[in-house]
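Engineer: For reference, the structure I am asking about is given below.
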Number of protein chains: 2
Amino acid sequence: MTPFCAAVDWGTSSFRLWVLDQGGGVLAERRSGEGMTEAGQRGFAAVLEDHLSAIGVAGDLPAIICGMAGARQGWMEAGYVDTPANLEALASAASRPDSRRDVRVLPGVAQRDPARPDVMRGEETQIVGLIEEGLTSGIVCLPGTHSKWVEVRDRVITGFSTFMTGETFALFREHSILRHDASGAADADDPAFAAAVRDALASPERFLHLAFSVRPASLMGLSSGAGGASRLSGLLIGLEIAGARSAMTVGRKLTLSSSGALMGLYRRAFEIAAFEVRCVEAESVTRQGLLKSARTIWAGEATP
Amino acid sequence: MTPFCAAVDWGTSSFRLWVLDQGGGVLAERRSGEGMTEAGQRGFAAVLEDHLSAIGVAGDLPAIICGMAGARQGWMEAGYVDTPANLEALASAASRPDSRRDVRVLPGVAQRDPARPDVMRGEETQIVGLIEEGLTSGIVCLPGTHSKWVEVRDRVITGFSTFMTGETFALFREHSILRHDASGAADADDPAFAAAVRDALASPERFLHLAFSVRPASLMGLSSGAGGASRLSGLLIGLEIAGARSAMTVGRKLTLSSSGALMGLYRRAFEIAAFEVRCVEAESVTRQGLLKSARTIWAGEATP
C-alpha cells in the first residue's frame with residue numbers, strides 16, 4: 001500500500017495521526033496528549049515531525065490537519081468558511097503553514113448571523129466524512145465539551161448550534177458545591193440518569209434549580225450520593241436536547257457522532273426523548289473527512 | 001440605650017455583628033471576612049470574642065447567630081426546621097454551642113419533599129425579619145450564590161426553591177471558555193443585559209447555547225467583548241426567573257431582598273419580566289430577623 005497522506009485530528013488536548021493510503025486504509029497510527037495547548041509550547045512542526053519520523057514517514061508525504069491547530073492560538077489561524085459551507089470550499093480554504101513538508105490546516109465554519117453567531121473547528125471534518133459516506137440531508141449531533149448540532153442540506157452545512165454541555169458538566173463537577181456529590185463517572189444505565197433526562201426535558205427552564213437539588217437530596221439522606229454525576233449529566237444532556245429541538249428544525253431522526261461512554265449517555269438520552277438515532281464512530285468519520293479533503297486538495301477530486 | 005444582644009450574620013466568607021438594644025437600635029457594629037471558612041481554622045468562639053471585646057461588650061451579653069456558622073462545617077451543626085416552618089419553631093430550635101457566653105445558633109430550613117428536596121441556611125432569618133415587618137403572605141426572592149425563592153403563607157415558610165445562579169455566573173466567568181469575554185462586572189444599564197434577560201425568558205431551554213454565543217460574537221467581531229459579563233448575568237437571571245415562575249405559584253408581585261449592584265440587576269430583570277417588585281435591604285431584614293428570634297428566646301416574646 002502506498003501512503004497517500006498523513007491525516008491529523010489536532011484538538012485542544014489530544015493529537016491523533018493516521019498514515020492513509022488513497023482508499024482510506026490505515027497504514028500507521030499515533031496518539032498522544034500533545035494537543036494545541038502542549039504543542040503551542042514545543043512547536044507544532046516539531047511535534048508533527050517527531051511523530052512522523054517515529055514511524056518512518058518520508059519528508060515529502062503531505063499532511064492534512066483539522067481542529068484547534070487551526071485556531072488563533074494554534075499552528076496558524078486557518079480562518080473560517082461561512083455557512084452555507086460545502087466540502088470543496090472547506091478543502092480549498094485550507095491554510096499552509098511555513099513548513100518544509102506540504103502541510104494544510106483545514107478551516108473552521110462560521111455562522112455569521114448576528115442573531116445566532118456560532119463557530120466550529122474540527123467538527124466540520126466529521127460532517128465532511130459523513131457526507132462522503134452518503135449523508136445528504138439531516139441533523140447531526142456531535143457531543144462534547146462544546147456539543148454541536150449541525151444541519152446538512154443537499155450535502156452542504158447550512159447551519160449549526162453549539163451547546164456548552166460538556167464544559168458545564170466539568171465546571172459543576174470540579175468546581176461547584178456539587179463536587180462533593182457528583183464525583184465519579186456518569187452512567188447511562190443509572191436510573192438517576194434517566195430520571196434527570198426526563199426532568200430536564202419536561203422543565204428545562206428549571207435547570208439552575210434541578211442542578212442544585214443534587215445537594216440537598218444528599219444532605220437529607222434522600223439519595224445515596226452515588227448517582228450525583230449521573231443526575232448532573234442527565235440534566236445537562238436533557239437540557240441540550242430540549243434547547244436543540246427548540247433552536248433548530250429537528251425532526252425525530254438524527255445522526256449521532258461520538259464514541260465510548262459519551263455515545264452511550266447520548267444514545268440513552270435520545271431513546272428517552274423518543275428520537276430515532278443512527279450512531280457513527282466520531283473517529284472513523286473524522287478520518288474519512290480528512291481523507292476526502294486530502295483527495296480534493298492533492299488528487300484534484302471533485303465534489304459531486 | 002441598654003444592649004439586649006449581639007446579633008451575628010455569619011456566612012461562608014463574611015462576618016457581620018451588631019450590638020442591638022431591645023427595640024432594634026444599633027449600638028455598635030463589626031464586619032470582617034472571617035466567614036465559616038476562616039473561622040473554622042481560628043475557632044468560632046475566638047473570632048466572636050475578639051470582635052466583642054474590641055467594642056467592649058460584656059461577657060454576659062447573649063449572642064444570636066444565623067448562617068453557615070450553623071452548618072456541619074460550622075461552629076456546631078444547628079440542624080434544620082422542616083417546612084412548613086414558623087417563626088417560633090425557628091427560634092426554639094436554636095442550638096447552644098459550648099461557650100461561657102449564652103450563644104444560640106439558629107437552624108436552617110429543610111424541605112423534605114423527595115420530589116423537590118431543598119435546604120436554606122441564613123435566608124430564613126431574612127424571612128423572619130420580613131414577617132416581623134408585616135409580610136403575611138407572598139413570594140420573596142433572595143438573590144445570591146444560591147438564590148432562594150421563598151413562599152410565605154400566613155406568616156409561615158411553606159416552601160422554597162434554590163437556584164444556582166450566582167455560583168454558575170462565577171464558574172462561567174472564572175473557569176469557562178467565556179472567561180476571555182465576560183470579565184468585568186455586569187451592568188444593569190447595559191443593553192446586552194436587557195437583551196440577554198429577554199432571550200432567556202423567551203427560550204430558557206436554550207441556555208447552554210445562548211451562553212456559548214458570547215464567544216463567537218466576540219471572535220467574529222459582532223460584539224465589542226465588553227458586555228460579555230452583562231450578557232452572561234442577564235441570561236442566568238432570566239433563566240432563574242423563568243424557572244422560578246414555572247416551579248412555584250408565582251404571581252406578578254414579589255419582594256426582592258438584596259443590596260447594591262445585585263439588587264440593581266434583579267430589579268431591572270424583574271422590570272423586563274413585568275413583575276411588580278418591592279425592594280428591601282437584605283442586611284436590614286436580617287438584623288430584624290435576628291432581633292425577633294433573640295426576643296423570642298430571651299424575652300419570651302410570643303409570635304402572634
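Following the order of the C-alpha cells, first chain is A, next is B, and so on, with residues numbered from 1 inside each chain and ligands from 1 in the order they appear.
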What are the nearest atom pairs, with distances in Å to one decimal, for all residues of chain A that come at most 7 Å from chain B, using only C-alpha atoms, set out by chain and rising residue number as a tab-separated table?
Structural biologist:
```
residue	atom	partner	partner_atom	distance
A:Pro114	CA	B:Leu222	CA	6.8
A:Pro117	CA	B:Ala217	CA	5.7
A:Asp118	CA	B:Pro216	CA	5.2
A:Val119	CA	B:Pro216	CA	5.9
A:Ser161	CA	B:His209	CA	6.8
A:Thr162	CA	B:His209	CA	5.5
A:Phe163	CA	B:His209	CA	4.3
A:Met164	CA	B:Leu208	CA	5.1
A:Thr165	CA	B:Leu208	CA	6.4
A:Leu171	CA	B:Leu171	CA	6.6
A:Pro204	CA	B:Glu205	CA	5.0
A:Glu205	CA	B:Gly243	CA	4.7
A:Arg206	CA	B:Gly243	CA	4.1
A:Leu208	CA	B:Phe163	CA	4.8
A:His209	CA	B:Phe163	CA	4.3
A:Phe212	CA	B:Met164	CA	6.2
A:Ser213	CA	B:Pro117	CA	6.2
A:Pro216	CA	B:Asp118	CA	5.2
A:Ala217	CA	B:Pro117	CA	5.7
A:Leu222	CA	B:Pro114	CA	6.7
A:Leu239	CA	B:Glu205	CA	6.3
A:Glu240	CA	B:Leu208	CA	6.7
A:Ala242	CA	B:Glu205	CA	5.9
A:Gly243	CA	B:Arg206	CA	4.1
```
Engineer: Can you pull out every residue from segment 198-277 of chain B that DSSP, working from the backbone, puts in strand (DSSP E or B), and format the result as number ranges by chain?
Structural biologist: B: 225, 227, 253-258, 276-277
Engineer: Just to be explicit: take each residue in the selection above, keep C-alpha atoms, and write the result as a CSV table (one decimal), in the first residue's frame.
Structural biologist:
```
chain,number,residue,atom,x,y,z
B,225,GLY,CA,-16.2,42.0,24.1
B,227,GLY,CA,-20.9,43.4,27.7
B,253,LYS,CA,-45.8,40.6,42.6
B,254,LEU,CA,-42.9,39.8,44.9
B,255,THR,CA,-40.5,41.0,47.5
B,256,LEU,CA,-36.8,41.3,46.5
B,257,SER,CA,-34.4,41.2,49.4
B,258,SER,CA,-30.9,42.1,48.2
B,276,GLU,CA,-44.1,44.3,40.4
B,277,VAL,CA,-41.3,44.2,42.9
```
Engineer: Near Phe160 of chain B, within 7 Å and counting only C-alpha atoms, which residues show up once chain neighbours fewer than 5 positions away are dropped, as a PyMOL selection string?
Structural biologist: chain B and resi 148-151
Engineer: Residues as selected, all heavy atoms, written as a compact mmCIF listing (two decimals), in the first residue's frame, can you do that?
Structural biologist:
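result.txt was written with the following content:
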```txt
# COMPACT_ATOMS: atom_id res chain seq x y z
N LYS B 148 -32.61 32.06 46.54
CA LYS B 148 -33.76 31.38 47.12
C LYS B 148 -35.04 32.10 46.71
O LYS B 148 -35.08 33.34 46.72
CB LYS B 148 -33.68 31.39 48.65
CG LYS B 148 -32.38 30.86 49.24
CD LYS B 148 -32.26 29.35 49.15
CE LYS B 148 -30.91 28.90 49.68
NZ LYS B 148 -30.64 27.48 49.46
N TRP B 149 -36.05 31.33 46.38
CA TRP B 149 -37.40 31.86 46.17
C TRP B 149 -38.26 31.21 47.25
O TRP B 149 -38.41 29.98 47.28
CB TRP B 149 -37.92 31.50 44.78
CG TRP B 149 -37.28 32.30 43.69
CD1 TRP B 149 -35.95 32.33 43.36
CD2 TRP B 149 -37.95 33.20 42.79
NE1 TRP B 149 -35.75 33.19 42.31
CE2 TRP B 149 -36.96 33.73 41.93
CE3 TRP B 149 -39.27 33.59 42.62
CZ2 TRP B 149 -37.26 34.65 40.92
CZ3 TRP B 149 -39.57 34.50 41.60
CH2 TRP B 149 -38.57 35.03 40.77
N VAL B 150 -38.78 32.06 48.12
CA VAL B 150 -39.46 31.53 49.30
C VAL B 150 -40.94 31.91 49.28
O VAL B 150 -41.29 33.06 49.00
CB VAL B 150 -38.81 32.09 50.59
CG1 VAL B 150 -39.45 31.46 51.82
CG2 VAL B 150 -37.30 31.83 50.59
N GLU B 151 -41.77 30.93 49.59
CA GLU B 151 -43.20 31.17 49.64
C GLU B 151 -43.64 31.28 51.10
O GLU B 151 -43.37 30.37 51.90
CB GLU B 151 -43.92 30.01 48.97
CG GLU B 151 -45.41 30.22 48.81
CD GLU B 151 -46.04 29.02 48.12
OE1 GLU B 151 -45.76 27.88 48.55
OE2 GLU B 151 -46.79 29.24 47.16
```
Engineer: What is the atom CA of Gly108 of chain B to atom CA of His51 of chain B distance in Å?
Structural biologist: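 Those two atoms sit 24.3 Å apart.
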Engineer: Between B:Val128, B:Leu135, B:Cys141, B:Leu87, which one has atoms that come closest to Met248 of chain B, using only C-alpha atoms?
Structural biologist: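 Ranking B:Val128, B:Leu135, B:Cys141, B:Leu87 by distance to Met248 of chain B, first place goes to B:Cys141.
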Engineer: DSSP on the backbone, then: every residue of segment 128-239 of chain A marked helix (DSSP H, G or I), written as an NGL selection string.
Structural biologist: :A and (128-132 or 165-175 or 177-180 or 191-202 or 204-212 or 214-219 or 228-239)
Engineer: Rank A:Gly11, A:Gly79, A:Pro3, A:Gly184 by their smallest atom-to-atom distance to Leu232 of chain A, using only C-alpha atoms, and report the top residue only.
Structural biologist: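 Smallest distance to Leu232 of chain A is found for A:Gly184.
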Engineer: Within 10 Å of Cys66 of chain A, counting only C-alpha atoms, which residues show up once you throw out same-chain ones fewer than 5 positions away? Write them as a ChimeraX atom specification, please.
Structural biologist: /A:7-11,71,78,94,104-108,121-126,286-287,289-290,293
Engineer: Taking into account only C-alpha atoms, which residue in the set A:Val103, A:Leu17, A:Ala54, A:Ala46 is nearest to Ile297 of chain A?
Structural biologist: A:Val103
Engineer: Atom CA of Gly23 of chain A and atom CA of Glu281 of chain A are how many Å apart?
Structural biologist: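 Atom CA of Glu281 of chain A lies at a distance of 18.5 Å from atom CA of Gly23 of chain A.
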Engineer: Atom CA of Thr2 of chain B and atom CA of Gly24 of chain B are how many Å apart?
Structural biologist: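 Those two atoms sit 10.9 Å apart.
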Engineer: Can you list, as a ChimeraX atom specification, every protein, DNA or RNA residue that comes within 10 Å of Arg155 of chain B when you count only C-alpha atoms, leaving out same-chain residues fewer than 2 positions away?
Structural biologist: /B:85-87,127-128,130-132,134-138,151-153,157-158,303-304
Engineer: Restricting it to all heavy atoms, dump the selection as a short mmCIF file (atom, residue, chain, number, x, y, z; two decimals), in the first residue's frame.
Structural biologist:
```cif
data_model
loop_
_atom_site.label_atom_id
_atom_site.label_comp_id
_atom_site.auth_asym_id
_atom_site.auth_seq_id
_atom_site.Cartn_x
_atom_site.Cartn_y
_atom_site.Cartn_z
N ALA B 85 -42.50 26.05 58.22
CA ALA B 85 -41.71 26.49 59.36
C ALA B 85 -42.18 27.86 59.83
O ALA B 85 -42.23 28.81 59.04
CB ALA B 85 -40.23 26.59 58.96
N ASN B 86 -42.54 27.96 61.11
CA ASN B 86 -42.94 29.27 61.60
C ASN B 86 -41.85 29.90 62.46
O ASN B 86 -40.86 29.26 62.82
CB ASN B 86 -44.29 29.21 62.32
CG ASN B 86 -44.19 28.43 63.63
OD1 ASN B 86 -43.18 28.51 64.34
ND2 ASN B 86 -45.23 27.68 63.94
N LEU B 87 -42.04 31.17 62.80
CA LEU B 87 -41.02 31.95 63.49
C LEU B 87 -40.63 31.34 64.83
O LEU B 87 -39.45 31.30 65.19
CB LEU B 87 -41.53 33.38 63.72
CG LEU B 87 -41.39 34.38 62.59
CD1 LEU B 87 -42.03 33.89 61.31
CD2 LEU B 87 -41.93 35.74 62.99
N ILE B 127 -36.40 36.08 56.13
CA ILE B 127 -37.86 35.89 56.05
C ILE B 127 -38.50 36.23 57.40
O ILE B 127 -39.55 36.89 57.45
CB ILE B 127 -38.20 34.44 55.63
CG1 ILE B 127 -37.52 34.08 54.31
CG2 ILE B 127 -39.72 34.26 55.54
CD1 ILE B 127 -37.96 34.89 53.12
N VAL B 128 -37.86 35.81 58.49
CA VAL B 128 -38.38 36.16 59.82
C VAL B 128 -38.45 37.68 59.96
O VAL B 128 -39.46 38.22 60.43
CB VAL B 128 -37.47 35.56 60.93
CG1 VAL B 128 -37.85 36.11 62.30
CG2 VAL B 128 -37.55 34.03 60.93
N LEU B 130 -38.74 39.90 57.55
CA LEU B 130 -39.79 40.42 56.67
C LEU B 130 -41.17 40.19 57.29
O LEU B 130 -42.05 41.06 57.21
CB LEU B 130 -39.72 39.74 55.30
CG LEU B 130 -38.64 40.29 54.37
CD1 LEU B 130 -38.36 39.31 53.22
CD2 LEU B 130 -39.08 41.64 53.81
N ILE B 131 -41.37 39.02 57.88
CA ILE B 131 -42.65 38.72 58.52
C ILE B 131 -42.84 39.68 59.70
O ILE B 131 -43.92 40.26 59.89
CB ILE B 131 -42.72 37.24 58.97
CG1 ILE B 131 -42.75 36.32 57.73
CG2 ILE B 131 -43.92 36.99 59.86
CD1 ILE B 131 -42.64 34.83 58.03
N GLU B 132 -41.77 39.88 60.46
CA GLU B 132 -41.83 40.80 61.60
C GLU B 132 -42.19 42.21 61.14
O GLU B 132 -42.88 42.95 61.83
CB GLU B 132 -40.47 40.79 62.32
CG GLU B 132 -40.36 41.61 63.57
CD GLU B 132 -41.31 41.16 64.68
OE1 GLU B 132 -41.95 40.13 64.53
OE2 GLU B 132 -41.40 41.90 65.69
N GLY B 134 -44.14 42.86 58.70
CA GLY B 134 -45.51 42.95 58.23
C GLY B 134 -45.90 42.03 57.09
O GLY B 134 -47.07 41.96 56.71
N LEU B 135 -44.91 41.32 56.50
CA LEU B 135 -45.26 40.40 55.41
C LEU B 135 -46.12 39.26 55.96
O LEU B 135 -45.75 38.60 56.92
CB LEU B 135 -43.98 39.82 54.79
CG LEU B 135 -44.20 38.77 53.68
CD1 LEU B 135 -44.72 39.42 52.40
CD2 LEU B 135 -42.90 38.01 53.39
N THR B 136 -47.27 39.02 55.34
CA THR B 136 -48.13 37.93 55.78
C THR B 136 -48.03 36.76 54.81
O THR B 136 -47.75 35.63 55.21
CB THR B 136 -49.60 38.41 55.84
OG1 THR B 136 -49.64 39.60 56.60
CG2 THR B 136 -50.48 37.37 56.51
N SER B 137 -48.24 37.05 53.54
CA SER B 137 -48.17 36.02 52.51
C SER B 137 -47.55 36.61 51.25
O SER B 137 -47.71 37.81 50.98
CB SER B 137 -49.56 35.49 52.17
OG SER B 137 -50.13 34.84 53.30
N GLY B 138 -46.84 35.79 50.51
CA GLY B 138 -46.26 36.26 49.26
C GLY B 138 -44.98 35.52 48.92
O GLY B 138 -44.56 34.62 49.65
N GLU B 151 -41.77 30.93 49.59
CA GLU B 151 -43.20 31.17 49.64
C GLU B 151 -43.64 31.28 51.10
O GLU B 151 -43.37 30.37 51.90
CB GLU B 151 -43.92 30.01 48.97
CG GLU B 151 -45.41 30.22 48.81
CD GLU B 151 -46.04 29.02 48.12
OE1 GLU B 151 -45.76 27.88 48.55
OE2 GLU B 151 -46.79 29.24 47.16
N VAL B 152 -44.28 32.40 51.43
CA VAL B 152 -44.78 32.62 52.79
C VAL B 152 -46.30 32.64 52.74
O VAL B 152 -46.89 33.30 51.86
CB VAL B 152 -44.26 33.97 53.36
CG1 VAL B 152 -44.87 34.25 54.73
CG2 VAL B 152 -42.74 33.98 53.43
N ARG B 153 -46.94 31.86 53.64
CA ARG B 153 -48.40 31.90 53.74
C ARG B 153 -48.78 32.03 55.19
O ARG B 153 -48.35 31.21 56.01
CB ARG B 153 -49.01 30.60 53.20
CG ARG B 153 -49.13 30.60 51.71
CD ARG B 153 -50.05 29.46 51.25
NE ARG B 153 -49.62 29.04 49.94
CZ ARG B 153 -49.94 27.88 49.38
NH1 ARG B 153 -50.70 27.02 50.04
NH2 ARG B 153 -49.53 27.57 48.19
N ILE B 157 -43.22 29.86 56.54
CA ILE B 157 -42.47 29.48 55.34
C ILE B 157 -43.02 28.14 54.88
O ILE B 157 -42.82 27.11 55.52
CB ILE B 157 -40.95 29.35 55.64
CG1 ILE B 157 -40.38 30.71 56.06
CG2 ILE B 157 -40.21 28.81 54.42
CD1 ILE B 157 -38.91 30.66 56.50
N THR B 158 -43.76 28.15 53.74
CA THR B 158 -44.43 26.93 53.31
C THR B 158 -43.63 26.16 52.27
O THR B 158 -43.83 24.95 52.11
CB THR B 158 -45.83 27.25 52.76
OG1 THR B 158 -45.71 28.34 51.84
CG2 THR B 158 -46.78 27.65 53.88
N THR B 303 -45.13 34.71 69.23
CA THR B 303 -45.43 35.06 67.85
C THR B 303 -46.94 35.13 67.73
O THR B 303 -47.62 34.22 68.17
CB THR B 303 -44.90 33.96 66.91
OG1 THR B 303 -43.51 33.81 67.17
CG2 THR B 303 -45.11 34.30 65.47
N PRO B 304 -47.46 36.21 67.18
CA PRO B 304 -48.91 36.33 67.09
C PRO B 304 -49.50 35.23 66.18
O PRO B 304 -48.83 34.72 65.33
CB PRO B 304 -49.14 37.71 66.48
CG PRO B 304 -47.84 38.20 65.96
CD PRO B 304 -46.75 37.35 66.56
#
```
Engineer: Taking only C-alpha atoms into account, which of A:Met263, A:Ala91, A:Ala6, A:Leu20 comes nearest Ala63 of chain A?
Structural biologist: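 Closest candidate: A:Ala6.
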